[in-house]
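Visitor: My structure is stored as model.pdb, with PDB, C-alpha atoms, pLDDT in the B column.
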ATOM      1  CA  MET A  20     -44.701  64.856 -22.648  1.00 64.00           C
ATOM      2  CA  GLU A  21     -42.770  67.758 -24.174  1.00 72.00           C
ATOM      3  CA  ILE A  22     -40.210  65.361 -25.701  1.00 74.00           C
ATOM      4  CA  PHE A  23     -43.059  63.418 -27.285  1.00 75.00           C
ATOM      5  CA  LYS A  24     -44.419  66.621 -28.837  1.00 72.00           C
ATOM      6  CA  ILE A  25     -40.975  67.486 -30.241  1.00 74.00           C
ATOM      7  CA  LEU A  26     -40.673  64.015 -31.779  1.00 79.00           C
ATOM      8  CA  LEU A  27     -44.150  64.370 -33.276  1.00 78.00           C
ATOM      9  CA  THR A  28     -43.557  67.848 -34.717  1.00 77.00           C
ATOM     10  CA  SER A  29     -40.131  66.775 -36.030  1.00 79.00           C
ATOM     11  CA  LEU A  30     -41.702  63.839 -37.852  1.00 82.00           C
ATOM     12  CA  ALA A  31     -44.437  66.101 -39.221  1.00 79.00           C
ATOM     13  CA  SER A  32     -41.743  68.569 -40.338  1.00 79.00           C
ATOM     14  CA  VAL A  33     -39.821  65.886 -42.245  1.00 79.00           C
ATOM     15  CA  ILE A  34     -42.968  64.544 -43.920  1.00 82.00           C
ATOM     16  CA  THR A  35     -44.135  68.038 -44.871  1.00 79.00           C
ATOM     17  CA  LEU A  36     -40.717  68.967 -46.207  1.00 74.00           C
ATOM     18  CA  PHE A  37     -40.628  65.803 -48.321  1.00 77.00           C
ATOM     19  CA  LEU A  38     -44.104  66.417 -49.764  1.00 76.00           C
ATOM     20  CA  LEU A  39     -43.364  70.059 -50.539  1.00 73.00           C
ATOM     21  CA  THR A  40     -40.095  69.086 -52.232  1.00 72.00           C
ATOM     22  CA  LYS A  41     -41.970  66.663 -54.472  1.00 71.00           C
ATOM     23  CA  LEU A  42     -44.498  69.422 -55.239  1.00 69.00           C
ATOM     24  CA  MET A  43     -41.806  71.888 -56.274  1.00 65.00           C
ATOM     25  CA  GLY A  44     -39.878  69.284 -58.293  1.00 65.00           C
ATOM     26  CA  ASN A  45     -36.444  67.710 -57.966  1.00 59.00           C
ATOM     27  CA  LYS A  46     -33.530  69.803 -59.163  1.00 57.00           C
ATOM     28  CA  GLN A  47     -29.805  69.705 -58.678  1.00 49.00           C
ATOM     29  CA  VAL A  48     -28.248  72.670 -56.888  1.00 51.00           C
ATOM     30  CA  SER A  49     -26.637  73.759 -60.168  1.00 50.00           C
ATOM     31  CA  GLN A  50     -30.077  73.859 -61.800  1.00 54.00           C
ATOM     32  CA  LEU A  51     -31.651  76.166 -59.207  1.00 63.00           C
ATOM     33  CA  SER A  52     -32.449  79.747 -60.059  1.00 65.00           C
ATOM     34  CA  MET A  53     -31.807  82.404 -57.421  1.00 67.00           C
ATOM     35  CA  PHE A  54     -35.526  82.408 -56.575  1.00 71.00           C
ATOM     36  CA  ASP A  55     -35.578  78.616 -56.127  1.00 74.00           C
ATOM     37  CA  TYR A  56     -32.464  78.794 -53.969  1.00 73.00           C
ATOM     38  CA  ILE A  57     -33.940  81.426 -51.650  1.00 78.00           C
ATOM     39  CA  ILE A  58     -37.248  79.549 -51.405  1.00 79.00           C
ATOM     40  CA  GLY A  59     -35.397  76.337 -50.529  1.00 79.00           C
ATOM     41  CA  ILE A  60     -33.385  78.005 -47.771  1.00 81.00           C
ATOM     42  CA  SER A  61     -36.498  79.681 -46.360  1.00 84.00           C
ATOM     43  CA  ILE A  62     -38.511  76.455 -46.278  1.00 81.00           C
ATOM     44  CA  GLY A  63     -35.606  74.600 -44.662  1.00 80.00           C
ATOM     45  CA  SER A  64     -35.274  77.264 -41.972  1.00 84.00           C
ATOM     46  CA  ILE A  65     -38.997  77.219 -41.241  1.00 82.00           C
ATOM     47  CA  ALA A  66     -39.001  73.409 -41.148  1.00 81.00           C
ATOM     48  CA  ALA A  67     -36.271  73.507 -38.472  1.00 78.00           C
ATOM     49  CA  GLU A  68     -38.391  75.884 -36.367  1.00 79.00           C
ATOM     50  CA  PHE A  69     -41.473  73.762 -37.014  1.00 78.00           C
ATOM     51  CA  ALA A  70     -39.718  70.758 -35.429  1.00 75.00           C
ATOM     52  CA  THR A  71     -39.406  72.513 -32.055  1.00 74.00           C
ATOM     53  CA  GLU A  72     -42.496  74.720 -32.212  1.00 72.00           C
ATOM     54  CA  LEU A  73     -44.799  73.379 -29.493  1.00 69.00           C
ATOM     55  CA  GLU A  74     -47.299  76.195 -28.986  1.00 75.00           C
ATOM     56  CA  ASN A  75     -48.444  76.994 -32.533  1.00 78.00           C
ATOM     57  CA  PRO A  76     -46.885  74.512 -35.003  1.00 76.00           C
ATOM     58  CA  GLU A  77     -49.642  75.284 -37.496  1.00 77.00           C
ATOM     59  CA  HIS A  78     -48.115  78.723 -38.038  1.00 80.00           C
ATOM     60  CA  SER A  79     -44.862  77.233 -39.310  1.00 81.00           C
ATOM     61  CA  LEU A  80     -46.791  74.747 -41.421  1.00 79.00           C
ATOM     62  CA  ALA A  81     -48.805  77.547 -43.015  1.00 83.00           C
ATOM     63  CA  ALA A  82     -45.633  79.516 -43.781  1.00 84.00           C
ATOM     64  CA  MET A  83     -44.020  76.471 -45.431  1.00 83.00           C
ATOM     65  CA  LEU A  84     -47.112  75.955 -47.573  1.00 83.00           C
ATOM     66  CA  VAL A  85     -47.099  79.606 -48.672  1.00 85.00           C
ATOM     67  CA  TYR A  86     -43.450  79.421 -49.762  1.00 81.00           C
ATOM     68  CA  ALA A  87     -43.921  76.097 -51.537  1.00 82.00           C
ATOM     69  CA  LEU A  88     -47.074  77.209 -53.364  1.00 83.00           C
ATOM     70  CA  SER A  89     -45.315  80.425 -54.372  1.00 82.00           C
ATOM     71  CA  ALA A  90     -42.497  78.409 -55.926  1.00 80.00           C
ATOM     72  CA  TYR A  91     -45.015  76.134 -57.647  1.00 80.00           C
ATOM     73  CA  LEU A  92     -47.010  79.066 -59.071  1.00 83.00           C
ATOM     74  CA  VAL A  93     -43.829  80.754 -60.291  1.00 79.00           C
ATOM     75  CA  SER A  94     -42.811  77.541 -62.086  1.00 78.00           C
ATOM     76  CA  LEU A  95     -46.227  77.438 -63.784  1.00 81.00           C
ATOM     77  CA  ILE A  96     -46.046  81.085 -64.817  1.00 81.00           C
ATOM     78  CA  THR A  97     -42.492  80.885 -66.139  1.00 73.00           C
ATOM     79  CA  GLY A  98     -43.363  77.685 -67.989  1.00 75.00           C
ATOM     80  CA  LYS A  99     -46.152  79.407 -69.925  1.00 79.00           C
ATOM     81  CA  SER A 100     -44.730  82.887 -70.462  1.00 76.00           C
ATOM     82  CA  THR A 101     -41.248  83.548 -71.857  1.00 73.00           C
ATOM     83  CA  HIS A 102     -41.615  87.231 -70.948  1.00 76.00           C
ATOM     84  CA  MET A 103     -42.323  86.434 -67.281  1.00 76.00           C
ATOM     85  CA  ARG A 104     -39.523  83.860 -67.301  1.00 74.00           C
ATOM     86  CA  LYS A 105     -37.040  86.566 -68.287  1.00 74.00           C
ATOM     87  CA  ILE A 106     -38.317  88.865 -65.511  1.00 76.00           C
ATOM     88  CA  ILE A 107     -38.472  86.282 -62.707  1.00 73.00           C
ATOM     89  CA  ILE A 108     -35.780  83.758 -63.592  1.00 75.00           C
ATOM     90  CA  GLY A 109     -33.546  85.807 -65.864  1.00 76.00           C
ATOM     91  CA  ARG A 110     -32.111  84.982 -69.274  1.00 82.00           C
ATOM     92  CA  PRO A 111     -28.778  83.877 -70.720  1.00 88.00           C
ATOM     93  CA  MET A 112     -26.275  86.600 -71.544  1.00 92.00           C
ATOM     94  CA  ILE A 113     -23.337  86.456 -73.967  1.00 94.00           C
ATOM     95  CA  LEU A 114     -20.098  87.393 -72.204  1.00 95.00           C
ATOM     96  CA  PHE A 115     -17.604  86.522 -74.932  1.00 95.00           C
ATOM     97  CA  ASP A 116     -18.082  86.019 -78.660  1.00 94.00           C
ATOM     98  CA  LYS A 117     -15.652  85.861 -81.587  1.00 91.00           C
ATOM     99  CA  GLY A 118     -12.757  87.336 -79.624  1.00 91.00           C
ATOM    100  CA  LYS A 119     -14.765  90.123 -77.966  1.00 93.00           C
ATOM    101  CA  LEU A 120     -15.555  90.561 -74.262  1.00 94.00           C
ATOM    102  CA  TYR A 121     -18.819  92.393 -73.532  1.00 93.00           C
ATOM    103  CA  ARG A 122     -18.208  94.568 -70.473  1.00 92.00           C
ATOM    104  CA  LYS A 123     -21.824  95.721 -70.317  1.00 93.00           C
ATOM    105  CA  ASN A 124     -23.062  92.137 -69.995  1.00 92.00           C
ATOM    106  CA  PHE A 125     -20.419  91.424 -67.353  1.00 93.00           C
ATOM    107  CA  LYS A 126     -21.848  94.286 -65.284  1.00 92.00           C
ATOM    108  CA  LYS A 127     -25.440  93.117 -65.791  1.00 89.00           C
ATOM    109  CA  MET A 128     -24.579  89.628 -64.608  1.00 89.00           C
ATOM    110  CA  ARG A 129     -22.397  91.002 -61.772  1.00 89.00           C
ATOM    111  CA  ILE A 130     -19.408  88.865 -62.698  1.00 91.00           C
ATOM    112  CA  ASP A 131     -15.849  90.156 -63.019  1.00 91.00           C
ATOM    113  CA  ILE A 132     -13.231  89.063 -65.512  1.00 91.00           C
ATOM    114  CA  SER A 133     -11.315  87.017 -62.917  1.00 90.00           C
ATOM    115  CA  ASP A 134     -14.374  84.877 -62.131  1.00 92.00           C
ATOM    116  CA  PHE A 135     -14.990  84.438 -65.835  1.00 94.00           C
ATOM    117  CA  LEU A 136     -11.435  83.252 -66.462  1.00 93.00           C
ATOM    118  CA  THR A 137     -11.727  80.846 -63.526  1.00 93.00           C
ATOM    119  CA  HIS A 138     -14.876  79.311 -65.056  1.00 93.00           C
ATOM    120  CA  CYS A 139     -13.050  78.932 -68.350  1.00 94.00           C
ATOM    121  CA  ARG A 140     -10.054  77.226 -66.739  1.00 94.00           C
ATOM    122  CA  ASN A 141     -12.342  74.879 -64.810  1.00 94.00           C
ATOM    123  CA  GLN A 142     -13.686  73.686 -68.160  1.00 93.00           C
ATOM    124  CA  GLY A 143     -10.205  73.228 -69.590  1.00 92.00           C
ATOM    125  CA  TYR A 144      -9.843  76.487 -71.522  1.00 92.00           C
ATOM    126  CA  PHE A 145      -6.717  78.408 -70.474  1.00 91.00           C
ATOM    127  CA  ASP A 146      -6.605  80.441 -73.690  1.00 92.00           C
ATOM    128  CA  LEU A 147      -9.598  82.546 -74.799  1.00 92.00           C
ATOM    129  CA  SER A 148      -8.605  82.011 -78.418  1.00 92.00           C
ATOM    130  CA  GLN A 149      -9.868  78.433 -77.978  1.00 93.00           C
ATOM    131  CA  ILE A 150     -13.358  79.747 -77.238  1.00 94.00           C
ATOM    132  CA  ARG A 151     -15.910  80.814 -79.839  1.00 94.00           C
ATOM    133  CA  THR A 152     -18.735  81.890 -77.497  1.00 95.00           C
ATOM    134  CA  ALA A 153     -19.231  81.969 -73.716  1.00 95.00           C
ATOM    135  CA  ILE A 154     -22.733  82.358 -72.288  1.00 95.00           C
ATOM    136  CA  PHE A 155     -23.667  83.181 -68.704  1.00 93.00           C
ATOM    137  CA  GLU A 156     -26.706  81.067 -67.800  1.00 88.00           C
ATOM    138  CA  TYR A 157     -29.505  82.098 -65.458  1.00 80.00           C
ATOM    139  CA  ASN A 158     -28.342  79.604 -62.799  1.00 77.00           C
ATOM    140  CA  GLY A 159     -24.875  81.140 -62.596  1.00 82.00           C
ATOM    141  CA  SER A 160     -23.021  78.615 -64.735  1.00 88.00           C
ATOM    142  CA  ILE A 161     -21.117  79.480 -67.907  1.00 93.00           C
ATOM    143  CA  SER A 162     -21.636  77.484 -71.108  1.00 93.00           C
ATOM    144  CA  ILE A 163     -18.764  77.454 -73.589  1.00 95.00           C
ATOM    145  CA  LEU A 164     -18.833  76.777 -77.322  1.00 94.00           C
ATOM    146  CA  PRO A 165     -15.262  75.971 -78.371  1.00 94.00           C
ATOM    147  CA  VAL A 166     -13.618  76.968 -81.614  1.00 93.00           C
ATOM    148  CA  GLU A 167     -14.208  74.174 -84.122  1.00 89.00           C
ATOM    149  CA  THR A 168     -10.555  73.140 -84.197  1.00 85.00           C
ATOM    150  CA  ASN A 169     -10.541  72.736 -80.388  1.00 82.00           C
ATOM    151  CA  ARG A 170     -13.685  70.691 -79.909  1.00 82.00           C
ATOM    152  CA  PRO A 171     -13.491  66.940 -79.190  1.00 82.00           C
ATOM    153  CA  LEU A 172     -13.177  64.665 -82.208  1.00 83.00           C
ATOM    154  CA  ALA A 173     -16.482  63.009 -83.149  1.00 82.00           C
ATOM    155  CA  PRO A 174     -16.913  59.714 -85.060  1.00 86.00           C
ATOM    156  CA  SER A 175     -18.745  61.589 -87.805  1.00 84.00           C
ATOM    157  CA  ASP A 176     -15.569  63.591 -88.462  1.00 85.00           C
ATOM    158  CA  MET A 177     -13.931  60.342 -89.573  1.00 87.00           C
ATOM    159  CA  ASN A 178     -16.985  59.061 -91.458  1.00 88.00           C
ATOM    160  CA  LEU A 179     -17.565  56.397 -88.811  1.00 87.00           C
ATOM    161  CA  ASN A 180     -20.984  55.067 -87.822  1.00 86.00           C
ATOM    162  CA  PRO A 181     -20.656  53.424 -84.402  1.00 84.00           C
ATOM    163  CA  VAL A 182     -23.508  51.307 -83.053  1.00 82.00           C
ATOM    164  CA  GLN A 183     -25.754  53.258 -80.704  1.00 80.00           C
ATOM    165  CA  GLN A 184     -25.343  51.972 -77.158  1.00 79.00           C
ATOM    166  CA  GLU A 185     -28.289  51.614 -74.809  1.00 81.00           C
ATOM    167  CA  ILE A 186     -28.604  51.833 -71.027  1.00 83.00           C
ATOM    168  CA  LEU A 187     -27.353  48.717 -69.244  1.00 89.00           C
ATOM    169  CA  VAL A 188     -30.098  46.739 -67.500  1.00 92.00           C
ATOM    170  CA  ASN A 189     -29.352  45.703 -63.908  1.00 94.00           C
ATOM    171  CA  VAL A 190     -30.580  42.131 -63.409  1.00 94.00           C
ATOM    172  CA  ILE A 191     -28.575  41.191 -60.295  1.00 94.00           C
ATOM    173  CA  LEU A 192     -28.090  43.532 -57.357  1.00 92.00           C
ATOM    174  CA  ASP A 193     -26.224  42.356 -54.285  1.00 90.00           C
ATOM    175  CA  GLY A 194     -26.972  38.690 -54.988  1.00 92.00           C
ATOM    176  CA  HIS A 195     -30.668  39.185 -55.762  1.00 93.00           C
ATOM    177  CA  ILE A 196     -32.163  38.659 -59.226  1.00 94.00           C
ATOM    178  CA  ASN A 197     -34.449  41.393 -60.532  1.00 93.00           C
ATOM    179  CA  GLU A 198     -36.927  39.239 -62.431  1.00 92.00           C
ATOM    180  CA  GLU A 199     -38.829  42.221 -63.827  1.00 93.00           C
ATOM    181  CA  ASN A 200     -35.708  43.720 -65.414  1.00 93.00           C
ATOM    182  CA  LEU A 201     -34.670  40.292 -66.652  1.00 94.00           C
ATOM    183  CA  LYS A 202     -38.026  39.878 -68.373  1.00 92.00           C
ATOM    184  CA  LYS A 203     -37.953  43.407 -69.861  1.00 90.00           C
ATOM    185  CA  SER A 204     -34.542  42.714 -71.352  1.00 91.00           C
ATOM    186  CA  GLY A 205     -36.004  39.714 -73.194  1.00 91.00           C
ATOM    187  CA  LYS A 206     -34.172  37.116 -71.095  1.00 93.00           C
ATOM    188  CA  ASN A 207     -35.184  34.429 -68.627  1.00 93.00           C
ATOM    189  CA  LYS A 208     -33.682  32.561 -65.681  1.00 93.00           C
ATOM    190  CA  VAL A 209     -32.482  29.689 -67.878  1.00 94.00           C
ATOM    191  CA  TRP A 210     -30.395  32.107 -69.955  1.00 94.00           C
ATOM    192  CA  LEU A 211     -29.146  33.846 -66.797  1.00 95.00           C
ATOM    193  CA  GLU A 212     -28.105  30.598 -65.097  1.00 94.00           C
ATOM    194  CA  LYS A 213     -26.186  29.533 -68.210  1.00 94.00           C
ATOM    195  CA  GLN A 214     -24.373  32.872 -68.295  1.00 95.00           C
ATOM    196  CA  LEU A 215     -23.506  32.541 -64.610  1.00 95.00           C
ATOM    197  CA  HIS A 216     -22.124  29.038 -65.141  1.00 95.00           C
ATOM    198  CA  ASP A 217     -20.121  30.076 -68.227  1.00 95.00           C
ATOM    199  CA  GLN A 218     -18.467  32.871 -66.259  1.00 95.00           C
ATOM    200  CA  GLY A 219     -17.568  30.661 -63.299  1.00 94.00           C
ATOM    201  CA  PHE A 220     -20.372  31.461 -60.854  1.00 94.00           C
ATOM    202  CA  HIS A 221     -22.484  28.821 -59.088  1.00 93.00           C
ATOM    203  CA  ASN A 222     -25.451  31.110 -58.384  1.00 93.00           C
ATOM    204  CA  ALA A 223     -26.559  34.742 -58.280  1.00 93.00           C
ATOM    205  CA  GLU A 224     -25.642  35.081 -54.609  1.00 93.00           C
ATOM    206  CA  GLU A 225     -21.974  35.171 -55.614  1.00 93.00           C
ATOM    207  CA  VAL A 226     -22.610  38.229 -57.804  1.00 94.00           C
ATOM    208  CA  PHE A 227     -22.645  41.775 -56.439  1.00 92.00           C
ATOM    209  CA  LEU A 228     -23.767  43.396 -59.701  1.00 94.00           C
ATOM    210  CA  GLY A 229     -24.959  41.917 -62.987  1.00 95.00           C
ATOM    211  CA  CYS A 230     -25.786  44.068 -66.041  1.00 95.00           C
ATOM    212  CA  ILE A 231     -27.149  43.100 -69.448  1.00 94.00           C
ATOM    213  CA  ASN A 232     -25.950  44.911 -72.554  1.00 92.00           C
ATOM    214  CA  THR A 233     -29.026  44.525 -74.770  1.00 88.00           C
ATOM    215  CA  VAL A 234     -27.169  45.737 -77.867  1.00 87.00           C
ATOM    216  CA  GLU A 235     -24.324  43.234 -77.648  1.00 88.00           C
ATOM    217  CA  ASN A 236     -26.481  40.605 -75.910  1.00 89.00           C
ATOM    218  CA  THR A 237     -23.902  40.128 -73.165  1.00 92.00           C
ATOM    219  CA  LEU A 238     -23.983  39.887 -69.382  1.00 94.00           C
ATOM    220  CA  MET A 239     -21.356  41.667 -67.269  1.00 94.00           C
ATOM    221  CA  LEU A 240     -20.881  40.193 -63.800  1.00 95.00           C
ATOM    222  CA  TYR A 241     -19.021  41.633 -60.810  1.00 93.00           C
ATOM    223  CA  ALA A 242     -18.266  39.197 -58.024  1.00 91.00           C
ATOM    224  CA  VAL A 243     -18.862  39.817 -54.340  1.00 81.00           C
ATOM    225  CA  GLN A 244     -15.548  40.684 -52.694  1.00 72.00           C
ATOM    226  CA  GLU A 245     -15.651  39.905 -48.994  1.00 62.00           C
ATOM    227  CA  THR A 246     -12.148  41.224 -48.297  1.00 59.00           C
ATOM    228  CA  GLY A 247     -10.792  44.610 -49.324  1.00 55.00           C
ATOM    229  CA  LYS A 248      -7.679  45.397 -51.307  1.00 55.00           C
ATOM    230  CA  ASN A 249      -4.421  45.467 -49.393  1.00 57.00           C
ATOM    231  CA  PHE A 250      -4.070  49.175 -50.139  1.00 53.00           C
ATOM    232  CA  ASP A 251      -6.331  52.155 -50.566  1.00 55.00           C
ATOM    233  CA  PRO A 252      -5.337  54.615 -53.344  1.00 54.00           C
ATOM    234  CA  PHE A 253      -7.609  57.274 -51.825  1.00 49.00           C
ATOM    235  CA  GLU A 254      -6.064  57.374 -48.353  1.00 55.00           C
TER     236      GLU A 254
END
Output the structure of this file as structure tokens.

Guide:
Amino acid sequence: MEIFKILLTSLASVITLFLLTKLMGNKQVSQLSMFDYIIGISIGSIAAEFATELENPEHSLAAMLVYALSAYLVSLITGKSTHMRKIIIGRPMILFDKGKLYRKNFKKMRIDISDFLTHCRNQGYFDLSQIRTAIFEYNGSISILPVETNRPLAPSDMNLNPVQQEILVNVILDGHINEENLKKSGKNKVWLEKQLHDQGFHNAEEVFLGCINTVENTLMLYAVQETGKNFDPFE
């Protein structure tokens, strides 16, 4: 009987955690503010206790709801007030600009020069003279604006006007045709079957992945490989 209760509370914990995550919004770890990070850890810890709480599981549930609603209310407040956003979330701070390091901002952000140089090297800048401006973001990352002569070459620099590419449309996944995507891309099964035949396939089941390039009006097909390569470069 006790095992059954644990299974039930564990399932309720997972469902609640999923619903609360959707309420608070999906973010990558790198996008989380310190407040979001702490809230996430707290809710996860409570959810773990909720799974094995047999006497008063509603207490853990109530605590999870309080944390989640707090995060939701904070997101609403910071979305409407730039002043409150600066207080709760924080604001970007310039650490380096035009050859000058701002020690005061380093202290405010609690980052030392060694950490700063590590961030720069991780982004490919081993020489500060290659950097125009470095900004410490509220989520702990550092954004770098390179000196103009060190930025990547763009087509516009060479007076080129390349055709804008669009997202590839997946029409075959693991041998199954996605008819909705095929229709949205302006194609039909007759066109698809002809493309399969022209590229040496008998049917869609022989294709692991098929993508349509709507700009170039082409279909890229990747065959199903039943056997692996005779070596693994990642071993």

Visitor: Measuring between all atoms listed in the file, which one of A:Glu235, A:Phe115, A:Leu30, A:Glu199 shows the shortest distance to Ile161 in chain A?

Guide: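 The answer is A:Phe115, which sits nearest to Ile161 in chain A.
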
Visitor: List as an MDAnalysis selection string the protein and nucleic acid residues near Lys206 in chain A, meaning an atom at most 10 Å away when only C-alpha atoms are counted, but skip any in the same chain fewer than 4 places from it.

Guide: chainID A and resid 190 198 200:202 210:211 231 233 236

Visitor: Just the residues within 12 Å of Tyr91 in chain A, please, counting only C-alpha atoms, with nothing from its chain fewer than 4 positions along; format it as a PyMOL selection string.

Guide: chain A and resi 39-44+54-55+58-59+84-87+95-98

Visitor: Evaluate the PyMOL selection byres ((chain A and resi 113) around 9) on the structure here and hand back the selected residues as a list in words.

Guide: Pro111, Met112, Leu114, Phe115, Asp116, Leu120, Tyr121, Asn124, Phe125, Thr152, Ala153, Ile154, Phe155 and Glu156 of chain A

Visitor: Point out the residue among A:Ser29, A:Cys139, A:Cys230, A:Ile57 with the least atom-to-atom distance to Pro76 in chain A, counting all atoms listed in the file.

Guide: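 Ranked by minimum distance to Pro76 in chain A, first place goes to A:Ser29.
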